[in-house]
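Engineer: For reference, the structure I am asking about is given below.
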Amino acid sequence: MNYRFSVLLIFILVFGCTNPPEIIPDGYIDLTYDELKADYRSCIGKGIMTSKGTKSWKLNYTFTTRNDSSFIQFRDIFGRRILFVEAIPTGITLWDIQENIQYAYKKGTSILILDMVGTYDIAQILWGEVPVKFVSDTTESSSERNSNLVNFGLSASNIGMVLDRITFNIDSLDTVIDFKIFEREFGKNDLQLSKGIPLSIPYN
């Protein structure tokens, strides 16, 4: 059992597990981000995003991620498609499905969450890993300062500890945005989502 897994497991058991998961240490492997990509190549999942604060709302989402590329589709409570996020190594693009317009994300815009997590961070989160920059040892880095605004929750699975919750505390908006992943399947790919944003969608 490696050191990283041991520390995470102790943290979970001490600070929030009322019913500790049953784990067989001898057969337990804690896979890294690179190992997950090499072994499974893709994964799919679903979750729910909630916002509490000045404006409260709730959106369901599904996702697929292949290596370092991620595709996320959000739906409202009525099941209507609202937003599509395409995060690939070359950048992040947003598709406002209701207005049928796409936007190329640029750092410093009004989307504060994307100022904190980039395309590789999104991929690591969807694969079930805490982004590397948030566990950096560089004490004065912007990543560490951001870590005060971002909290992660992990749970035990048959491939090790996986990320299933990420919470953003946005003080400037007096808002807390919570992403929960309640289902994830490794080795599967959602062919429809992985097509990305159609070429016919105009840019704003």
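Chain labels follow the order of the structure tokens: the first chain is A, the next B, and so on; residue numbering restarts at 1 in every chain, and ligands are counted from 1 in their shown order.
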Set the distance at 6 Å and use only C-alpha atoms: which residues neighbour Trp95 in chain A once local chain neighbours fewer than 3 positions away are removed? I'd like the list as a list in words.
Structural biologist: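 Listing them by chain and then by number gives Leu83, Phe84, Ile101 and Gln102 of chain A.
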Engineer: Would you output that residue set with N, CA and C atoms, as a compact mmCIF listing (two decimals), in the first residue's frame?
Structural biologist:
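In the end it all went to part.txt:
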```txt
# COMPACT_ATOMS: atom_id res chain seq x y z
N LEU A 83 -26.04 23.41 -21.29
CA LEU A 83 -24.66 23.81 -21.56
C LEU A 83 -23.80 22.60 -21.85
N PHE A 84 -22.87 22.78 -22.77
CA PHE A 84 -21.90 21.73 -23.10
C PHE A 84 -20.51 22.32 -22.92
N ILE A 101 -24.93 29.00 -29.40
CA ILE A 101 -23.73 29.80 -29.63
C ILE A 101 -22.60 29.21 -28.80
N GLN A 102 -21.38 29.19 -29.34
CA GLN A 102 -20.25 28.69 -28.58
C GLN A 102 -19.28 29.83 -28.25
```
Engineer: Looking only at helix (DSSP H, G or I) from DSSP on the backbone, list the matching residues of range 25-186 of chain A as a ChimeraX atom specification.
Structural biologist: /A:25-27,33-40,112-116,119-127,132-135,142-147,171-173
Engineer: Could the residues in this selection be written to a file with C-alpha atoms, as an mmCIF file, in the first residue's frame?
Structural biologist:
```cif
data_model
loop_
_atom_site.group_PDB
_atom_site.id
_atom_site.type_symbol
_atom_site.label_atom_id
_atom_site.label_comp_id
_atom_site.auth_asym_id
_atom_site.auth_seq_id
_atom_site.Cartn_x
_atom_site.Cartn_y
_atom_site.Cartn_z
ATOM 1 C CA PRO A 25 -5.392 -4.443 1.594
ATOM 2 C CA ASP A 26 -3.550 -7.272 -0.144
ATOM 3 C CA GLY A 27 -5.730 -6.944 -3.248
ATOM 4 C CA TYR A 33 -3.995 9.502 -13.060
ATOM 5 C CA ASP A 34 -1.486 8.252 -15.634
ATOM 6 C CA GLU A 35 -2.178 4.636 -14.705
ATOM 7 C CA LEU A 36 -5.929 5.150 -15.049
ATOM 8 C CA LYS A 37 -5.488 6.570 -18.560
ATOM 9 C CA ALA A 38 -3.146 3.782 -19.576
ATOM 10 C CA ASP A 39 -5.356 1.008 -18.199
ATOM 11 C CA TYR A 40 -8.809 2.286 -19.192
ATOM 12 C CA LEU A 112 -14.345 32.099 -12.007
ATOM 13 C CA ILE A 113 -14.365 28.305 -11.681
ATOM 14 C CA LEU A 114 -12.473 27.948 -14.952
ATOM 15 C CA ASP A 115 -9.939 30.485 -13.698
ATOM 16 C CA MET A 116 -9.181 27.972 -10.920
ATOM 17 C CA THR A 119 -8.385 21.617 -19.023
ATOM 18 C CA TYR A 120 -5.946 19.115 -17.455
ATOM 19 C CA ASP A 121 -7.421 19.741 -14.008
ATOM 20 C CA ILE A 122 -10.902 18.952 -15.328
ATOM 21 C CA ALA A 123 -9.656 15.700 -16.843
ATOM 22 C CA GLN A 124 -7.990 14.649 -13.592
ATOM 23 C CA ILE A 125 -11.160 15.441 -11.626
ATOM 24 C CA LEU A 126 -13.365 13.409 -13.947
ATOM 25 C CA TRP A 127 -10.920 10.504 -13.810
ATOM 26 C CA VAL A 132 -1.712 17.784 -9.209
ATOM 27 C CA LYS A 133 -1.445 21.550 -8.769
ATOM 28 C CA PHE A 134 -3.616 21.415 -5.644
ATOM 29 C CA VAL A 135 -1.269 19.009 -3.895
ATOM 30 C CA SER A 142 -1.128 30.467 -6.781
ATOM 31 C CA SER A 143 -2.279 26.860 -6.778
ATOM 32 C CA GLU A 144 -1.971 26.677 -3.009
ATOM 33 C CA ARG A 145 -3.781 29.977 -2.579
ATOM 34 C CA ASN A 146 -6.572 28.585 -4.743
ATOM 35 C CA SER A 147 -6.705 25.465 -2.595
ATOM 36 C CA ASP A 171 -16.327 34.792 -1.806
ATOM 37 C CA SER A 172 -16.620 37.582 -4.376
ATOM 38 C CA LEU A 173 -20.030 36.213 -5.375
#
```
Engineer: Within 9 Å of Gly153 in chain A, counting only C-alpha atoms, which residues show up once you throw out same-chain ones fewer than 4 positions away? Write them as an MDAnalysis selection string, please.
Structural biologist: chainID A and resid 12 162:167
Engineer: Based on the selection just made, write N, CA and C atoms of those residues as a compact mmCIF listing (two decimals), in the first residue's frame.
Structural biologist:
```txt
# COMPACT_ATOMS: atom_id res chain seq x y z
N ILE A 12 -10.01 9.82 5.58
CA ILE A 12 -11.42 9.51 5.36
C ILE A 12 -12.01 8.82 6.58
N VAL A 162 -10.95 7.59 -4.94
CA VAL A 162 -11.35 8.38 -6.10
C VAL A 162 -12.10 9.63 -5.65
N LEU A 163 -11.91 10.69 -6.41
CA LEU A 163 -12.56 11.96 -6.13
C LEU A 163 -14.03 11.88 -6.53
N ASP A 164 -14.93 12.20 -5.62
CA ASP A 164 -16.35 12.19 -5.97
C ASP A 164 -17.07 13.48 -5.60
N ARG A 165 -16.29 14.48 -5.14
CA ARG A 165 -16.92 15.75 -4.80
C ARG A 165 -15.89 16.87 -4.83
N ILE A 166 -16.26 18.00 -5.39
CA ILE A 166 -15.40 19.18 -5.40
C ILE A 166 -16.28 20.40 -5.14
N THR A 167 -15.85 21.23 -4.19
CA THR A 167 -16.64 22.39 -3.78
C THR A 167 -15.82 23.66 -3.97
```
Engineer: Near Val85 in chain A, counting only C-alpha atoms, which residues have an atom at most 7 Å away, once you skip same-chain residues fewer than 2 positions from it, shown as a ChimeraX atom specification?
Structural biologist: /A:71-73,83,87,93-95
Engineer: Keeping only N, CA and C atoms, write the selected residues as a compact mmCIF listing (two decimals), in the first residue's frame.
Structural biologist:
```
# COMPACT_ATOMS: atom_id res chain seq x y z
N PHE A 71 -15.58 15.99 -21.95
CA PHE A 71 -16.80 16.51 -22.55
C PHE A 71 -17.92 16.36 -21.53
N ILE A 72 -18.54 17.50 -21.17
CA ILE A 72 -19.54 17.51 -20.11
C ILE A 72 -20.81 18.18 -20.63
N GLN A 73 -21.95 17.55 -20.39
CA GLN A 73 -23.23 18.11 -20.80
C GLN A 73 -24.12 18.31 -19.58
N LEU A 83 -26.04 23.41 -21.29
CA LEU A 83 -24.66 23.81 -21.56
C LEU A 83 -23.80 22.60 -21.85
N ALA A 87 -13.43 20.42 -22.92
CA ALA A 87 -12.12 20.79 -22.37
C ALA A 87 -11.08 19.83 -22.94
N THR A 93 -13.92 25.19 -24.55
CA THR A 93 -14.97 25.85 -25.31
C THR A 93 -16.32 25.52 -24.68
N LEU A 94 -17.18 26.53 -24.59
CA LEU A 94 -18.50 26.38 -24.01
C LEU A 94 -19.56 26.54 -25.10
N TRP A 95 -20.54 25.69 -25.06
CA TRP A 95 -21.65 25.77 -26.01
C TRP A 95 -22.93 26.04 -25.24
```
Engineer: Select, from A:Gly187, A:Gly160, A:Gly118, A:Gly196, the residue with the minimum atom-to-atom distance to Ile92 in chain A, counting only C-alpha atoms.
Structural biologist: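 Counting only C-alpha atoms, the residue closest to Ile92 in chain A is A:Gly118.
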Engineer: When you count only C-alpha atoms, which of these residues is closest to Asp190 in chain A: A:Ile177, A:Ser70, A:Leu59, A:Thr54?
Structural biologist: A:Ser70
Engineer: State, in Å with one decimal place, the distance from CA of Asn60 in chain A to CA of Ser155 in chain A.
Structural biologist: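 So the answer is 20.5 Å.
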Engineer: In Å, with one decimal, what is the gap from CA of Glu129 in chain A to CA of Lys55 in chain A?
Structural biologist: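 Computing it gives 29.1 Å between the two atoms.
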Engineer: Rounded to one decimal in Å, what is the spacing between CA of Pro131 in chain A and CA of Val176 in chain A?
Structural biologist: 19.5 Å
Engineer: Which polymer residues have any atom within 9 Å of an atom of Lys58 in chain A, counting only C-alpha atoms, with same-chain residues fewer than 2 positions away left out, as a compact mmCIF listing (two decimals) with N, CA and C atoms, in the first residue's frame?
Structural biologist:
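Result written to around.txt:
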```
# COMPACT_ATOMS: atom_id res chain seq x y z
N ILE A 48 -24.25 15.80 -10.18
CA ILE A 48 -25.14 16.93 -10.01
C ILE A 48 -24.33 18.13 -9.53
N MET A 49 -24.65 19.31 -10.07
CA MET A 49 -23.99 20.54 -9.67
C MET A 49 -25.02 21.45 -9.01
N THR A 50 -24.71 21.94 -7.82
CA THR A 50 -25.62 22.85 -7.12
C THR A 50 -24.90 24.13 -6.77
N SER A 51 -25.65 25.21 -6.73
CA SER A 51 -25.13 26.51 -6.35
C SER A 51 -25.97 27.05 -5.20
N SER A 56 -29.50 30.43 -6.25
CA SER A 56 -29.41 28.99 -6.02
C SER A 56 -30.02 28.25 -7.21
N ASN A 60 -28.12 18.75 -13.47
CA ASN A 60 -27.56 17.41 -13.61
C ASN A 60 -26.55 17.43 -14.76
N ASP A 76 -31.07 20.93 -17.13
CA ASP A 76 -31.81 21.54 -16.02
C ASP A 76 -32.72 20.50 -15.38
N ILE A 77 -33.52 20.92 -14.41
CA ILE A 77 -34.36 19.98 -13.67
C ILE A 77 -35.45 19.38 -14.54
```
